[in-house]
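J.: So here's upload_0.txt (compact mmCIF, N, CA and C atoms).
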# COMPACT_ATOMS: atom_id res chain seq x y z
N MET A 659 56.97 8.21 -46.84
CA MET A 659 58.13 8.94 -46.38
C MET A 659 57.70 10.22 -45.63
N VAL A 660 56.73 10.93 -46.19
CA VAL A 660 56.26 12.16 -45.56
C VAL A 660 55.58 11.85 -44.24
N THR A 661 54.74 10.83 -44.22
CA THR A 661 54.04 10.46 -42.99
C THR A 661 55.04 10.09 -41.90
N LYS A 662 56.05 9.32 -42.25
CA LYS A 662 57.07 8.92 -41.28
C LYS A 662 57.79 10.15 -40.72
N ALA A 663 58.14 11.09 -41.59
CA ALA A 663 58.83 12.31 -41.15
C ALA A 663 57.90 13.15 -40.27
N LYS A 664 56.63 13.25 -40.66
CA LYS A 664 55.66 14.04 -39.90
C LYS A 664 55.44 13.46 -38.51
N GLU A 665 55.44 12.15 -38.42
CA GLU A 665 55.19 11.49 -37.14
C GLU A 665 56.41 11.42 -36.25
N SER A 666 57.58 11.69 -36.79
CA SER A 666 58.80 11.60 -35.97
C SER A 666 59.49 12.95 -35.75
N ILE A 667 58.91 14.01 -36.26
CA ILE A 667 59.55 15.33 -36.13
C ILE A 667 59.53 15.81 -34.68
N ASP A 668 60.59 16.49 -34.30
CA ASP A 668 60.68 17.09 -32.97
C ASP A 668 60.70 18.60 -33.16
N LEU A 669 59.57 19.23 -32.88
CA LEU A 669 59.43 20.67 -33.10
C LEU A 669 60.20 21.50 -32.10
N SER A 670 60.63 20.88 -31.01
CA SER A 670 61.35 21.63 -29.98
C SER A 670 62.80 21.93 -30.36
N LYS A 671 63.29 21.30 -31.40
CA LYS A 671 64.69 21.48 -31.80
C LYS A 671 64.90 22.63 -32.77
N GLY A 672 63.84 23.34 -33.13
CA GLY A 672 63.97 24.44 -34.08
C GLY A 672 63.93 23.93 -35.50
N LEU A 673 64.38 24.75 -36.43
CA LEU A 673 64.33 24.42 -37.84
C LEU A 673 65.22 23.22 -38.15
N PRO A 674 64.63 22.14 -38.70
CA PRO A 674 65.41 20.93 -38.99
C PRO A 674 66.39 21.12 -40.15
N ASP A 675 67.16 20.08 -40.44
CA ASP A 675 68.18 20.13 -41.48
C ASP A 675 67.66 19.77 -42.86
N THR A 676 66.79 18.77 -42.94
CA THR A 676 66.35 18.30 -44.26
C THR A 676 65.21 19.18 -44.79
N ASN A 677 65.12 19.25 -46.11
CA ASN A 677 64.08 20.07 -46.74
C ASN A 677 62.68 19.57 -46.37
N LEU A 678 62.49 18.26 -46.32
CA LEU A 678 61.18 17.71 -45.98
C LEU A 678 60.78 18.11 -44.57
N GLU A 679 61.69 17.94 -43.63
CA GLU A 679 61.39 18.31 -42.24
C GLU A 679 61.23 19.82 -42.08
N LYS A 680 61.98 20.60 -42.85
CA LYS A 680 61.81 22.06 -42.82
C LYS A 680 60.41 22.42 -43.28
N ALA A 681 59.95 21.78 -44.35
CA ALA A 681 58.61 22.05 -44.87
C ALA A 681 57.55 21.69 -43.83
N ILE A 682 57.72 20.57 -43.17
CA ILE A 682 56.77 20.15 -42.14
C ILE A 682 56.78 21.15 -40.99
N TYR A 683 57.95 21.53 -40.54
CA TYR A 683 58.10 22.48 -39.44
C TYR A 683 57.44 23.82 -39.77
N ILE A 684 57.72 24.33 -40.96
CA ILE A 684 57.15 25.61 -41.38
C ILE A 684 55.63 25.51 -41.50
N ASN A 685 55.13 24.40 -42.00
CA ASN A 685 53.68 24.23 -42.10
C ASN A 685 53.04 24.14 -40.72
N TYR A 686 53.71 23.53 -39.77
CA TYR A 686 53.21 23.54 -38.39
C TYR A 686 53.13 24.97 -37.88
N GLN A 687 54.15 25.78 -38.12
CA GLN A 687 54.14 27.17 -37.67
C GLN A 687 52.98 27.94 -38.29
N ILE A 688 52.76 27.75 -39.58
CA ILE A 688 51.66 28.44 -40.27
C ILE A 688 50.32 28.00 -39.70
N MET A 689 50.15 26.70 -39.50
CA MET A 689 48.90 26.17 -38.97
C MET A 689 48.64 26.72 -37.56
N ILE A 690 49.66 26.71 -36.72
CA ILE A 690 49.51 27.22 -35.36
C ILE A 690 49.15 28.70 -35.39
N LYS A 691 49.82 29.47 -36.22
CA LYS A 691 49.53 30.90 -36.34
C LYS A 691 48.08 31.13 -36.76
N ASN A 692 47.59 30.35 -37.71
CA ASN A 692 46.21 30.49 -38.18
C ASN A 692 45.21 30.11 -37.09
N VAL A 693 45.50 29.06 -36.33
CA VAL A 693 44.60 28.65 -35.25
C VAL A 693 44.56 29.71 -34.15
N VAL A 694 45.72 30.21 -33.76
CA VAL A 694 45.78 31.24 -32.72
C VAL A 694 45.04 32.50 -33.19
N LYS A 695 45.22 32.88 -34.43
CA LYS A 695 44.52 34.05 -34.97
C LYS A 695 43.01 33.84 -34.92
N ALA A 696 42.55 32.63 -35.26
CA ALA A 696 41.12 32.34 -35.23
C ALA A 696 40.57 32.40 -33.80
N ILE A 697 41.35 31.93 -32.84
CA ILE A 697 40.93 32.00 -31.43
C ILE A 697 40.81 33.46 -31.00
N VAL A 698 41.82 34.26 -31.29
CA VAL A 698 41.81 35.67 -30.91
C VAL A 698 40.65 36.39 -31.60
N ASP A 699 40.47 36.15 -32.89
CA ASP A 699 39.38 36.78 -33.63
C ASP A 699 38.02 36.37 -33.06
N GLY A 700 37.88 35.10 -32.69
CA GLY A 700 36.64 34.63 -32.09
C GLY A 700 36.31 35.33 -30.79
N PHE A 701 37.32 35.53 -29.96
CA PHE A 701 37.11 36.27 -28.71
C PHE A 701 36.76 37.73 -28.98
N LYS A 702 37.46 38.33 -29.94
CA LYS A 702 37.19 39.74 -30.26
C LYS A 702 35.77 39.92 -30.79
N GLN A 703 35.33 39.02 -31.65
CA GLN A 703 33.99 39.13 -32.24
C GLN A 703 32.89 38.92 -31.21
N ASN A 704 33.19 38.21 -30.15
CA ASN A 704 32.17 37.89 -29.16
C ASN A 704 32.46 38.52 -27.80
N GLU A 705 33.30 39.53 -27.80
CA GLU A 705 33.73 40.16 -26.56
C GLU A 705 32.56 40.69 -25.73
N SER A 706 31.56 41.24 -26.38
CA SER A 706 30.42 41.80 -25.65
C SER A 706 29.48 40.72 -25.12
N LYS A 707 29.53 39.54 -25.70
CA LYS A 707 28.63 38.44 -25.29
C LYS A 707 29.22 37.57 -24.19
N ALA A 708 30.51 37.35 -24.26
CA ALA A 708 31.14 36.42 -23.32
C ALA A 708 32.19 37.16 -22.49
N LYS A 709 31.94 37.24 -21.22
CA LYS A 709 32.89 37.89 -20.31
C LYS A 709 33.21 36.93 -19.17
N SER A 710 34.46 36.94 -18.78
CA SER A 710 34.89 36.07 -17.70
C SER A 710 35.92 36.82 -16.86
N THR A 711 35.82 36.64 -15.57
CA THR A 711 36.80 37.26 -14.68
C THR A 711 37.98 36.32 -14.43
N LYS A 712 37.84 35.08 -14.88
CA LYS A 712 38.90 34.09 -14.66
C LYS A 712 39.58 33.76 -15.99
N PRO A 713 40.83 33.34 -15.91
CA PRO A 713 41.50 32.90 -17.15
C PRO A 713 40.76 31.71 -17.76
N MET A 714 40.77 31.65 -19.08
CA MET A 714 40.09 30.57 -19.78
C MET A 714 41.14 29.60 -20.32
N PRO A 715 41.05 28.34 -19.93
CA PRO A 715 42.04 27.37 -20.41
C PRO A 715 41.84 27.04 -21.89
N ILE A 716 42.92 26.74 -22.55
CA ILE A 716 42.89 26.26 -23.93
C ILE A 716 43.40 24.83 -23.90
N VAL A 717 42.60 23.91 -24.42
CA VAL A 717 42.97 22.50 -24.42
C VAL A 717 43.58 22.17 -25.78
N ILE A 718 44.75 21.57 -25.74
CA ILE A 718 45.44 21.15 -26.96
C ILE A 718 45.46 19.63 -26.97
N ALA A 719 44.85 19.04 -27.99
CA ALA A 719 44.76 17.58 -28.05
C ALA A 719 44.70 17.12 -29.50
N GLY A 720 44.90 15.84 -29.69
CA GLY A 720 44.79 15.26 -31.02
C GLY A 720 46.15 14.94 -31.63
N GLY A 721 46.10 14.22 -32.71
CA GLY A 721 47.32 13.75 -33.36
C GLY A 721 48.23 14.86 -33.85
N THR A 722 47.66 15.95 -34.32
CA THR A 722 48.46 17.06 -34.83
C THR A 722 49.33 17.66 -33.74
N SER A 723 48.87 17.59 -32.51
CA SER A 723 49.61 18.20 -31.40
C SER A 723 50.60 17.25 -30.74
N MET A 724 50.77 16.07 -31.27
CA MET A 724 51.62 15.06 -30.63
C MET A 724 53.14 15.28 -30.73
N PRO A 725 53.65 15.91 -31.79
CA PRO A 725 55.11 16.04 -31.86
C PRO A 725 55.68 16.82 -30.67
N PRO A 726 56.81 16.40 -30.16
CA PRO A 726 57.46 17.15 -29.08
C PRO A 726 57.67 18.60 -29.53
N GLY A 727 57.38 19.53 -28.64
CA GLY A 727 57.58 20.93 -28.93
C GLY A 727 56.34 21.64 -29.46
N PHE A 728 55.28 20.89 -29.79
CA PHE A 728 54.07 21.52 -30.34
C PHE A 728 53.47 22.52 -29.35
N VAL A 729 53.29 22.09 -28.12
CA VAL A 729 52.65 22.95 -27.12
C VAL A 729 53.49 24.21 -26.90
N GLU A 730 54.81 24.08 -26.88
CA GLU A 730 55.67 25.23 -26.69
C GLU A 730 55.54 26.21 -27.85
N LEU A 731 55.50 25.69 -29.09
CA LEU A 731 55.31 26.57 -30.25
C LEU A 731 53.96 27.28 -30.17
N PHE A 732 52.93 26.55 -29.74
CA PHE A 732 51.60 27.12 -29.61
C PHE A 732 51.60 28.24 -28.57
N LYS A 733 52.18 27.96 -27.41
CA LYS A 733 52.24 28.97 -26.35
C LYS A 733 53.00 30.20 -26.81
N LYS A 734 54.12 29.99 -27.47
CA LYS A 734 54.95 31.10 -27.95
C LYS A 734 54.16 31.97 -28.92
N CYS A 735 53.41 31.36 -29.81
CA CYS A 735 52.60 32.09 -30.77
C CYS A 735 51.47 32.84 -30.05
N LEU A 736 50.83 32.18 -29.10
CA LEU A 736 49.72 32.79 -28.36
C LEU A 736 50.19 33.99 -27.56
N GLU A 737 51.40 33.92 -27.02
CA GLU A 737 51.94 35.02 -26.21
C GLU A 737 52.20 36.28 -27.04
N THR A 738 52.31 36.14 -28.36
CA THR A 738 52.55 37.29 -29.21
C THR A 738 51.27 38.04 -29.54
N GLN A 739 50.13 37.45 -29.19
CA GLN A 739 48.83 38.04 -29.51
C GLN A 739 48.26 38.80 -28.33
N LYS A 740 47.55 39.87 -28.63
CA LYS A 740 46.86 40.62 -27.58
C LYS A 740 45.44 40.09 -27.50
N MET A 741 45.14 39.45 -26.40
CA MET A 741 43.80 38.91 -26.20
C MET A 741 42.89 40.02 -25.66
N PRO A 742 41.61 40.00 -26.07
CA PRO A 742 40.67 41.00 -25.56
C PRO A 742 40.43 40.82 -24.07
Starting from the file, lay out its structure as structure tokens.
T.:
Amino acid sequence: MVTKAKESIDLSKGLPDTNLEKAIYINYQIMIKNVVKAIVDGFKQNESKAKSTKPMPIVIAGGTSMPPGFVELFKKCLETQKMP
């Protein structure tokens, strides 16, 4: 039941109605926040070693990123962070 809900959730619709889907949605938000924080922290820790004059792309791939709305949630979270 959980796997079916996880594989069919649409993250672009905001907070779902059912408790199971709410839990999945909230866990996606927490996971995305933690990944974005790790990316920002990684850049901050290596700021003196790695410098670029061009924007650096971030590739989002894999099964976890498949639900509709995942990329938008990721972008929204990333935009709230100050990158070095």
J.: Pick from A:Cys735, A:Val729, A:Leu678, A:Thr661: nearest to Val698 (chain A), with only C-alpha atoms counted?
T.: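 Among the listed residues, A:Cys735 lies closest to Val698 (chain A).
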J.: Would you please work out which residue, of A:Lys712, A:Lys662, A:Lys695, A:Lys707, is nearest to Gln739 (chain A) when using only N, CA and C atoms?
T.: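 Of all the options, A:Lys695 lies closest to Gln739 (chain A).
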J.: Using only C-alpha atoms, which residue out of A:Ile716, A:Met659, A:Lys671, A:Pro742 lies closest to Lys702 (chain A)?
T.: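 Smallest distance to Lys702 (chain A) is found for A:Pro742.
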J.: If you measure from atom N of Gly727 (chain A) to CA of Ile667 (chain A), what distance in Å do you get, rounded to one decimal?
T.: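 One can read the atom N of Gly727 (chain A) to CA of Ile667 (chain A) distance as 8.9 Å.
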J.: Identify, on the basis of all atoms listed in the file, every residue whose closest approach to region 684-686 of chain A does not exceed 8 Å; exclude the query and any residue fewer than 5 positions from it along the same chain; express the result as a list in words.
T.: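 In the requested form, the answer reads Leu673, Pro674, Leu678, Glu679, Lys691 and Asn692 of chain A.
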J.: Record the distance separating CA of Ala681 (chain A) and CA of Lys733 (chain A), expressed in Å with one decimal.
T.: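 Computing it gives 20.8 Å between the two atoms.
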J.: In Å, with one decimal, what is the gap from atom N of Leu736 (chain A) to atom N of Gly720 (chain A)?
T.: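 Separation between atom N of Leu736 (chain A) and atom N of Gly720 (chain A): 17.4 Å.
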J.: Select, counting all atoms listed in the file, all protein, DNA and RNA residues no farther than 8 Å from (56.6, 21.6, -30.3) in file coordinates, and express the selection as a PyMOL selection string.
T.: chain A and resi 667-672+723-732
J.: Extract the full set of alpha helix (DSSP H) residues from chain A according to DSSP on the backbone, and format it as a PyMOL selection string.
T.: chain A and resi 660-666+677-703+728-737
J.: Using all atoms listed in the file for the distances, tell me which of A:Ile682, A:Ala663, A:Ile718, A:Met741 is nearest to Asp699 (chain A).
T.: A:Met741
